[in-house]
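Data block for structure_6.tsv (TSV, C-alpha atoms):
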chain	number	residue	atom	x	y	z
I	236	MET	CA	3.40	-6.42	22.36
I	237	GLY	CA	1.14	-3.44	21.87
I	238	MET	CA	3.62	-1.09	23.52
I	239	MET	CA	6.49	-2.61	21.65
I	240	ALA	CA	4.78	-2.21	18.31
I	241	THR	CA	4.21	1.45	19.12
I	242	ALA	CA	7.71	2.06	20.38
I	243	LEU	CA	9.50	0.31	17.56
I	244	PRO	CA	7.45	1.06	14.45
I	245	ALA	CA	10.43	0.82	12.13
I	246	LEU	CA	11.33	-2.75	13.03
I	247	ASP	CA	9.84	-5.70	11.26
I	248	GLU	CA	8.39	-8.61	13.20
I	249	GLU	CA	11.38	-10.81	12.64
I	250	LEU	CA	13.57	-8.37	14.51
I	251	VAL	CA	11.39	-7.86	17.60
I	252	VAL	CA	9.84	-11.27	18.07
I	253	ASP	CA	12.63	-12.84	20.11
I	254	VAL	CA	13.29	-10.01	22.54
I	255	SER	CA	11.93	-11.78	25.61
I	256	SER	CA	13.84	-15.01	25.04
I	257	ASN	CA	17.15	-13.49	23.96
I	258	GLY	CA	17.50	-10.75	26.55
I	259	PRO	CA	16.67	-7.12	26.96
I	260	TRP	CA	19.59	-5.49	25.09
I	261	GLN	CA	20.21	-4.65	21.47
I	262	THR	CA	23.08	-3.84	19.14
I	263	VAL	CA	22.06	-0.93	16.92
I	264	VAL	CA	23.97	0.17	13.82
I	265	TRP	CA	23.35	3.76	12.74
I	266	ASN	CA	23.46	5.31	9.30
I	267	ASP	CA	26.38	7.55	8.41
I	268	PRO	CA	27.37	9.16	5.12
I	269	VAL	CA	30.84	7.60	4.96
I	270	ASN	CA	30.59	3.83	5.23
I	271	LEU	CA	29.99	2.20	1.84
I	272	MET	CA	26.84	0.10	1.45
I	273	SER	CA	28.85	-2.83	0.10
I	274	TYR	CA	31.25	-2.64	3.04
I	275	VAL	CA	28.46	-2.54	5.63
I	276	ALA	CA	26.77	-5.56	4.03
I	277	HIS	CA	30.11	-7.37	3.94
I	278	VAL	CA	30.64	-6.72	7.67
I	279	PHE	CA	27.14	-7.97	8.53
I	280	ARG	CA	27.69	-11.11	6.45
I	281	THR	CA	31.15	-12.00	7.69
I	282	TYR	CA	30.93	-10.93	11.36
I	283	PHE	CA	27.37	-12.02	12.19
I	284	GLY	CA	27.23	-14.85	9.65
I	285	PHE	CA	24.07	-13.51	8.01
I	286	SER	CA	23.18	-14.70	4.53
I	287	GLY	CA	24.03	-12.31	1.74
I	288	ALA	CA	20.33	-11.46	1.33
I	289	ARG	CA	19.83	-10.85	5.06
I	290	ALA	CA	22.98	-8.75	5.31
I	291	HIS	CA	21.87	-6.68	2.32
I	292	GLN	CA	18.40	-6.19	3.82
I	293	LEU	CA	19.82	-5.04	7.15
I	294	MET	CA	22.22	-2.67	5.39
I	295	LEU	CA	19.28	-1.15	3.50
I	296	THR	CA	17.36	-0.78	6.76
I	297	VAL	CA	20.29	1.17	8.21
I	298	HIS	CA	20.44	3.31	5.09
I	299	HIS	CA	16.73	4.07	4.75
I	300	ASP	CA	15.51	4.06	8.36
I	301	GLY	CA	18.65	5.58	9.87
I	302	HIS	CA	19.43	2.55	12.00
I	303	ALA	CA	18.83	-1.18	12.36
I	304	VAL	CA	18.87	-3.64	15.23
I	305	VAL	CA	21.40	-6.28	14.20
I	306	ALA	CA	21.50	-8.38	17.37
I	307	GLU	CA	19.63	-8.91	20.63
I	308	GLY	CA	20.72	-10.63	23.81
I	309	PRO	CA	22.65	-10.16	27.04
I	310	ARG	CA	24.29	-6.80	27.61
I	311	GLU	CA	27.82	-8.21	27.65
I	312	THR	CA	27.27	-9.90	24.31
I	313	MET	CA	25.88	-6.69	22.82
I	314	GLU	CA	28.90	-4.74	24.08
I	315	ALA	CA	31.18	-7.29	22.42
I	316	HIS	CA	29.26	-6.82	19.15
I	317	VAL	CA	29.48	-3.03	19.42
I	318	ARG	CA	33.19	-3.25	20.06
I	319	ALA	CA	33.55	-5.41	16.95
I	320	MET	CA	31.47	-2.95	14.89
I	321	HIS	CA	33.73	-0.12	16.06
I	322	GLU	CA	36.75	-2.14	14.92
I	323	TYR	CA	35.16	-2.13	11.47
I	324	GLY	CA	34.44	1.60	11.69
I	325	LEU	CA	30.68	1.21	11.87
I	326	TRP	CA	28.70	3.51	14.14
I	327	ALA	CA	27.08	1.12	16.62
I	328	THR	CA	25.56	1.47	20.08
I	329	VAL	CA	24.09	-0.69	22.84
I	330	ARG	CA	20.61	-0.01	24.15
I	331	ARG	CA	17.82	-1.60	26.13
I	332	ALA	CA	15.32	-3.32	23.88
I	333	GLU	CA	12.46	-1.29	25.41
I	334	SER	CA	13.94	2.10	24.55
H	68	MET	CA	38.14	-14.82	2.42
H	69	THR	CA	40.14	-17.93	1.65
H	70	GLU	CA	42.13	-16.83	-1.38
H	71	PRO	CA	44.63	-14.02	-1.85
H	72	VAL	CA	43.42	-11.04	-3.83
H	73	THR	CA	45.52	-8.53	-5.69
H	74	ALA	CA	45.17	-4.79	-5.85
H	75	SER	CA	46.77	-2.93	-8.72
H	76	PHE	CA	47.99	0.65	-8.35
H	77	VAL	CA	49.89	2.93	-10.64
H	78	ASP	CA	53.12	3.91	-8.96
H	79	VAL	CA	52.03	7.36	-7.81
H	80	GLU	CA	48.87	5.89	-6.28
H	81	ALA	CA	50.85	3.34	-4.31
H	82	THR	CA	53.17	6.06	-3.04
H	83	PHE	CA	50.20	8.28	-2.15
H	84	LEU	CA	48.42	5.46	-0.31
H	85	ARG	CA	51.57	4.66	1.61
H	86	GLU	CA	51.85	8.29	2.75
H	87	LEU	CA	48.19	8.32	3.80
H	88	VAL	CA	48.56	5.09	5.78
H	89	GLU	CA	51.72	6.40	7.47
H	90	GLN	CA	49.82	9.51	8.58
H	91	TYR	CA	46.93	7.33	9.73
H	92	LEU	CA	49.33	5.18	11.74
H	93	GLU	CA	50.67	8.29	13.47
H	94	LEU	CA	47.12	9.47	14.19
H	95	VAL	CA	45.90	6.23	15.80
H	96	THR	CA	49.18	5.76	17.66
H	97	ALA	CA	48.94	9.24	19.19
H	98	GLY	CA	45.22	8.72	19.82
H	99	ALA	CA	44.58	12.35	20.81
H	100	ALA	CA	41.31	12.37	22.72
H	101	ASP	CA	40.36	15.86	21.47
H	102	ASP	CA	40.84	14.99	17.80
H	103	PRO	CA	37.45	14.64	16.01
H	104	ALA	CA	38.95	12.06	13.64
H	105	VAL	CA	40.10	9.90	16.55
H	106	ALA	CA	36.68	10.40	18.13
H	107	ARG	CA	35.04	9.10	14.95
H	108	LEU	CA	37.16	5.93	15.21
H	109	THR	CA	36.16	5.47	18.86
H	110	PRO	CA	32.45	6.34	19.01
H	111	ALA	CA	30.34	6.30	22.17
H	112	ALA	CA	28.80	2.88	22.82
H	113	TYR	CA	25.67	4.33	24.46
H	114	ARG	CA	23.61	7.18	23.06
H	115	ASP	CA	22.00	8.31	26.31
H	116	ASP	CA	24.32	7.05	29.02
H	117	ASP	CA	27.59	8.96	29.32
H	118	ASP	CA	28.74	6.92	32.32
H	119	ALA	CA	28.27	3.61	30.52
H	120	SER	CA	29.98	5.06	27.44
H	121	ALA	CA	32.95	6.21	29.52
H	122	GLU	CA	33.22	2.79	31.16
H	123	PHE	CA	33.07	1.08	27.78
H	124	ALA	CA	35.72	3.44	26.39
H	125	ALA	CA	38.01	2.83	29.35
H	126	LEU	CA	37.87	-0.90	28.63
H	127	THR	CA	38.11	-0.81	24.84
H	128	ARG	CA	39.63	2.44	23.52
H	129	ASP	CA	43.33	1.58	23.76
H	130	ASP	CA	42.85	-1.87	22.25
H	131	LEU	CA	40.67	-0.42	19.50
H	132	LEU	CA	43.30	2.14	18.45
H	133	GLY	CA	46.13	-0.34	18.98
H	134	GLY	CA	44.38	-2.80	16.68
H	135	ARG	CA	44.06	-0.10	14.03
H	136	ALA	CA	47.77	0.63	14.33
H	137	THR	CA	48.62	-3.06	13.90
H	138	GLU	CA	46.37	-3.23	10.84
H	139	ALA	CA	47.93	-0.10	9.34
H	140	GLU	CA	51.40	-1.59	9.83
H	141	ARG	CA	50.25	-4.69	8.01
H	142	VAL	CA	48.97	-2.64	5.07
H	143	LEU	CA	52.27	-0.75	4.95
H	144	ALA	CA	54.20	-4.02	4.95
H	145	ASP	CA	52.13	-5.30	2.02
H	146	LEU	CA	52.67	-2.04	0.13
H	147	ILE	CA	56.40	-2.16	0.75
H	148	ALA	CA	56.59	-5.81	-0.26
H	149	ALA	CA	54.81	-5.13	-3.55
H	150	ARG	CA	57.18	-4.95	-6.46
H	151	SER	CA	56.73	-2.77	-9.46
H	152	VAL	CA	56.18	-5.10	-12.38
H	153	ASP	CA	58.02	-2.68	-14.61
H	154	ALA	CA	60.70	-0.11	-13.98
H	155	ALA	CA	58.82	2.54	-15.93
H	156	ALA	CA	57.37	5.43	-13.94
H	157	GLU	CA	53.78	4.57	-14.91
H	158	ALA	CA	54.11	0.90	-14.09
H	159	ASP	CA	51.53	-0.88	-12.00
H	160	VAL	CA	52.31	-1.87	-8.46
H	161	ILE	CA	50.63	-5.21	-7.79
H	162	VAL	CA	49.88	-5.70	-4.11
H	163	ARG	CA	49.13	-9.25	-3.05
H	164	ILE	CA	46.75	-9.25	-0.12
H	165	ALA	CA	46.77	-12.58	1.71
H	166	PRO	CA	43.55	-13.82	3.34
H	167	ASP	CA	44.79	-12.90	6.81
H	168	SER	CA	45.54	-9.33	5.66
H	169	GLN	CA	42.24	-8.65	3.94
H	170	THR	CA	40.31	-7.46	6.97
H	171	ALA	CA	43.22	-5.18	7.90
H	172	TRP	CA	43.14	-3.67	4.42
H	173	MET	CA	39.39	-3.06	4.41
H	174	ARG	CA	39.41	-1.59	7.92
H	175	THR	CA	42.36	0.66	7.15
H	176	LEU	CA	40.96	2.01	3.87
H	177	ASN	CA	37.63	2.55	5.62
H	178	GLY	CA	39.32	4.08	8.67
H	179	LEU	CA	41.22	6.47	6.43
H	180	ARG	CA	37.94	7.50	4.84
H	181	LEU	CA	36.41	8.11	8.27
H	182	VAL	CA	39.41	10.26	9.25
H	183	LEU	CA	39.25	12.30	6.03
H	184	ALA	CA	35.48	12.68	6.42
H	185	ALA	CA	35.99	14.12	9.90
H	186	ARG	CA	38.68	16.45	8.56
H	187	ILE	CA	36.63	17.83	5.67
H	188	GLY	CA	33.28	17.91	7.47
H	189	ILE	CA	31.31	14.99	6.06
H	190	VAL	CA	29.25	14.14	9.13
H	191	ASP	CA	25.62	13.95	8.03
H	192	ASP	CA	23.92	12.77	4.87
H	193	GLY	CA	24.00	15.59	2.35
H	194	ASP	CA	27.18	17.22	3.64
H	195	ASP	CA	29.09	18.46	0.60
H	196	ALA	CA	32.87	18.75	0.80
H	197	SER	CA	33.57	18.51	-2.92
H	198	ASP	CA	35.34	21.90	-2.91
H	199	ASP	CA	37.90	20.64	-0.36
H	200	ALA	CA	41.27	19.66	-1.82
H	201	ARG	CA	41.15	16.42	0.18
H	202	TYR	CA	37.80	15.35	-1.23
H	203	GLY	CA	39.48	13.64	-4.18
H	204	ALA	CA	41.45	11.42	-1.81
H	205	TYR	CA	38.27	10.63	0.12
H	206	GLU	CA	36.49	9.60	-3.08
H	207	TRP	CA	39.47	7.61	-4.32
H	208	LEU	CA	39.67	5.65	-1.05
H	209	GLY	CA	35.99	4.80	-1.43
H	210	TYR	CA	36.63	3.56	-4.95
H	211	ARG	CA	39.57	1.43	-3.82
H	212	LEU	CA	37.58	0.01	-0.89
H	213	GLU	CA	34.67	-0.79	-3.18
H	214	LEU	CA	37.00	-2.71	-5.51
H	215	LEU	CA	38.52	-4.56	-2.57
H	216	VAL	CA	35.16	-5.53	-1.03
H	217	GLN	CA	34.03	-6.79	-4.43
H	218	SER	CA	37.12	-8.90	-5.00
H	219	ILE	CA	36.99	-10.34	-1.46
H	220	SER	CA	33.23	-10.96	-1.48
H	221	GLY	CA	33.19	-12.24	-5.03
For the file at hand, write its structure as structure tokens.
Amino acid sequence: MGMMATALPALDEELVVDVSSNGPWQTVVWNDPVNLMSYVAHVFRTYFGFSGARAHQLMLTVHHDGHAVVAEGPRETMEAHVRAMHEYGLWATVRRAES
Amino acid sequence: MTEPVTASFVDVEATFLRELVEQYLELVTAGAADDPAVARLTPAAYRDDDDASAEFAALTRDDLLGGRATEAERVLADLIAARSVDAAAEADVIVRIAPDSQTAWMRTLNGLRLVLAARIGIVDDGDDASDDARYGAYEWLGYRLELLVQSISG
């Protein structure tokens, strides 16, 4: 955990705690100047099923920190999420959780 | 997203939006790989792995653009189906957006904004394109999308 805390200083505990059990890959959504904050929150709420408060918090993390991890798990699942984010026009990527 | 929502446009706005969506439909149907606007609609899935990104694109790119074309056609159909409530030139056009069209509408308005942003050079936070003639359309699309998200979320 020490390495992880150093490597991922921007993430809160809730986001990193389940890495080992859920798999080593992440779906990351990146900030961009075009997508509206309300739209991004709406996508997080409706696609991932997050509560309104959670979706809003994640959207703000994207906006202020430049990116947010919105899902963790097997690579194939993360690629499916990224594909879905691209369908919505969000700028999303897959990465290893360690990176 | 269980109830229809309505979007109200003055006649010239509805005509303008229809022209924009028709151009957007042409763009995603052509899908030119060297077009920055198309590239913005089909971003790389991996930041530091070009091979994995290329593999991902090979599997998803055509479906992604094809889905956008289908959604744009749906928006056009809704716009065409909308009747002017009054014959006067300034009359409102009331577009009824059924629940199963709402995602298509949001994605298309947002996709149009992404395309315009690529065209006028809004790439990073702080980029200013307000002197570009197309900036007004970019801002207007944002306003319309904001209204739509609010009415669908609310």
> If we count all atoms listed in the file, which residues of chain H reach to within 10 Å of chain I? Please list them as a VMD selection string.
Replying inline: chain H and resid 68 107 to 116 119 to 120 123 to 124 127 to 128 130 to 132 134 to 135 170 to 171 173 to 175 177 to 185 189 to 194 205 209 to 210 212 to 217 219 to 220
Output C-alpha atoms for every residue in that selection, as a PDB file, keeping the file's coordinate frame.
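Generated file (selection-v7.pdb):
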ATOM      1  CA  MET H  68      38.140 -14.820   2.420  1.00  0.00           C
ATOM      2  CA  ARG H 107      35.040   9.100  14.950  1.00  0.00           C
ATOM      3  CA  LEU H 108      37.160   5.930  15.210  1.00  0.00           C
ATOM      4  CA  THR H 109      36.160   5.470  18.860  1.00  0.00           C
ATOM      5  CA  PRO H 110      32.450   6.340  19.010  1.00  0.00           C
ATOM      6  CA  ALA H 111      30.340   6.300  22.170  1.00  0.00           C
ATOM      7  CA  ALA H 112      28.800   2.880  22.820  1.00  0.00           C
ATOM      8  CA  TYR H 113      25.670   4.330  24.460  1.00  0.00           C
ATOM      9  CA  ARG H 114      23.610   7.180  23.060  1.00  0.00           C
ATOM     10  CA  ASP H 115      22.000   8.310  26.310  1.00  0.00           C
ATOM     11  CA  ASP H 116      24.320   7.050  29.020  1.00  0.00           C
ATOM     12  CA  ALA H 119      28.270   3.610  30.520  1.00  0.00           C
ATOM     13  CA  SER H 120      29.980   5.060  27.440  1.00  0.00           C
ATOM     14  CA  PHE H 123      33.070   1.080  27.780  1.00  0.00           C
ATOM     15  CA  ALA H 124      35.720   3.440  26.390  1.00  0.00           C
ATOM     16  CA  THR H 127      38.110  -0.810  24.840  1.00  0.00           C
ATOM     17  CA  ARG H 128      39.630   2.440  23.520  1.00  0.00           C
ATOM     18  CA  ASP H 130      42.850  -1.870  22.250  1.00  0.00           C
ATOM     19  CA  LEU H 131      40.670  -0.420  19.500  1.00  0.00           C
ATOM     20  CA  LEU H 132      43.300   2.140  18.450  1.00  0.00           C
ATOM     21  CA  GLY H 134      44.380  -2.800  16.680  1.00  0.00           C
ATOM     22  CA  ARG H 135      44.060  -0.100  14.030  1.00  0.00           C
ATOM     23  CA  THR H 170      40.310  -7.460   6.970  1.00  0.00           C
ATOM     24  CA  ALA H 171      43.220  -5.180   7.900  1.00  0.00           C
ATOM     25  CA  MET H 173      39.390  -3.060   4.410  1.00  0.00           C
ATOM     26  CA  ARG H 174      39.410  -1.590   7.920  1.00  0.00           C
ATOM     27  CA  THR H 175      42.360   0.660   7.150  1.00  0.00           C
ATOM     28  CA  ASN H 177      37.630   2.550   5.620  1.00  0.00           C
ATOM     29  CA  GLY H 178      39.320   4.080   8.670  1.00  0.00           C
ATOM     30  CA  LEU H 179      41.220   6.470   6.430  1.00  0.00           C
ATOM     31  CA  ARG H 180      37.940   7.500   4.840  1.00  0.00           C
ATOM     32  CA  LEU H 181      36.410   8.110   8.270  1.00  0.00           C
ATOM     33  CA  VAL H 182      39.410  10.260   9.250  1.00  0.00           C
ATOM     34  CA  LEU H 183      39.250  12.300   6.030  1.00  0.00           C
ATOM     35  CA  ALA H 184      35.480  12.680   6.420  1.00  0.00           C
ATOM     36  CA  ALA H 185      35.990  14.120   9.900  1.00  0.00           C
ATOM     37  CA  ILE H 189      31.310  14.990   6.060  1.00  0.00           C
ATOM     38  CA  VAL H 190      29.250  14.140   9.130  1.00  0.00           C
ATOM     39  CA  ASP H 191      25.620  13.950   8.030  1.00  0.00           C
ATOM     40  CA  ASP H 192      23.920  12.770   4.870  1.00  0.00           C
ATOM     41  CA  GLY H 193      24.000  15.590   2.350  1.00  0.00           C
ATOM     42  CA  ASP H 194      27.180  17.220   3.640  1.00  0.00           C
ATOM     43  CA  TYR H 205      38.270  10.630   0.120  1.00  0.00           C
ATOM     44  CA  GLY H 209      35.990   4.800  -1.430  1.00  0.00           C
ATOM     45  CA  TYR H 210      36.630   3.560  -4.950  1.00  0.00           C
ATOM     46  CA  LEU H 212      37.580   0.010  -0.890  1.00  0.00           C
ATOM     47  CA  GLU H 213      34.670  -0.790  -3.180  1.00  0.00           C
ATOM     48  CA  LEU H 214      37.000  -2.710  -5.510  1.00  0.00           C
ATOM     49  CA  LEU H 215      38.520  -4.560  -2.570  1.00  0.00           C
ATOM     50  CA  VAL H 216      35.160  -5.530  -1.030  1.00  0.00           C
ATOM     51  CA  GLN H 217      34.030  -6.790  -4.430  1.00  0.00           C
ATOM     52  CA  ILE H 219      36.990 -10.340  -1.460  1.00  0.00           C
ATOM     53  CA  SER H 220      33.230 -10.960  -1.480  1.00  0.00           C
TER      54      SER H 220
END
> Expressed in Å to a single decimal, how great is the separation between atom CA of H:Ala74 and atom CA of H:Asp145?
Replying inline: 10.5 Å
> At what distance in Å, to one decimal, does atom CA of H:Pro103 lie from atom CA of H:Ala196?
Replying inline: 16.4 Å
Padded axis-aligned box of stretch 267-274 of chain I (8 Å per side), centre and edge lengths, Å, one decimal, as lines of an AutoDock Vina configuration file:
center_x = 28.8
center_y = 3.2
center_z = 4.3
size_x = 20.9
size_y = 28.0
size_z = 24.3
>> Can you measure atom CA of H:Leu143 to atom CA of H:Arg85 for me? One decimal in Å is fine.
In response: 6.4 Å
>> Quick one: residues within 8 Å of H:Ser75, all atoms listed in the file, excluding same-chain residues fewer than 5 positions away - as JSON, numbers by chain?
In response: {"H": [159, 160, 161, 162]}
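For the set I:Glu311, I:Trp265, I:Met320, I:Phe279, the residue with the smallest atom-to-atom gap to I:Val297 is I:Trp265, counting all atoms listed in the file.
Among the candidate residues H:Val105, H:Asp129, H:Glu122, H:Ala149, the one lying nearest to H:Thr82 is H:Ala149, with distances computed using only C-alpha atoms.
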> Which one is closest to I:Met294: I:Ala332, I:Pro259, I:Val264, I:Pro309? Count only C-alpha atoms.
Replying inline: I:Val264
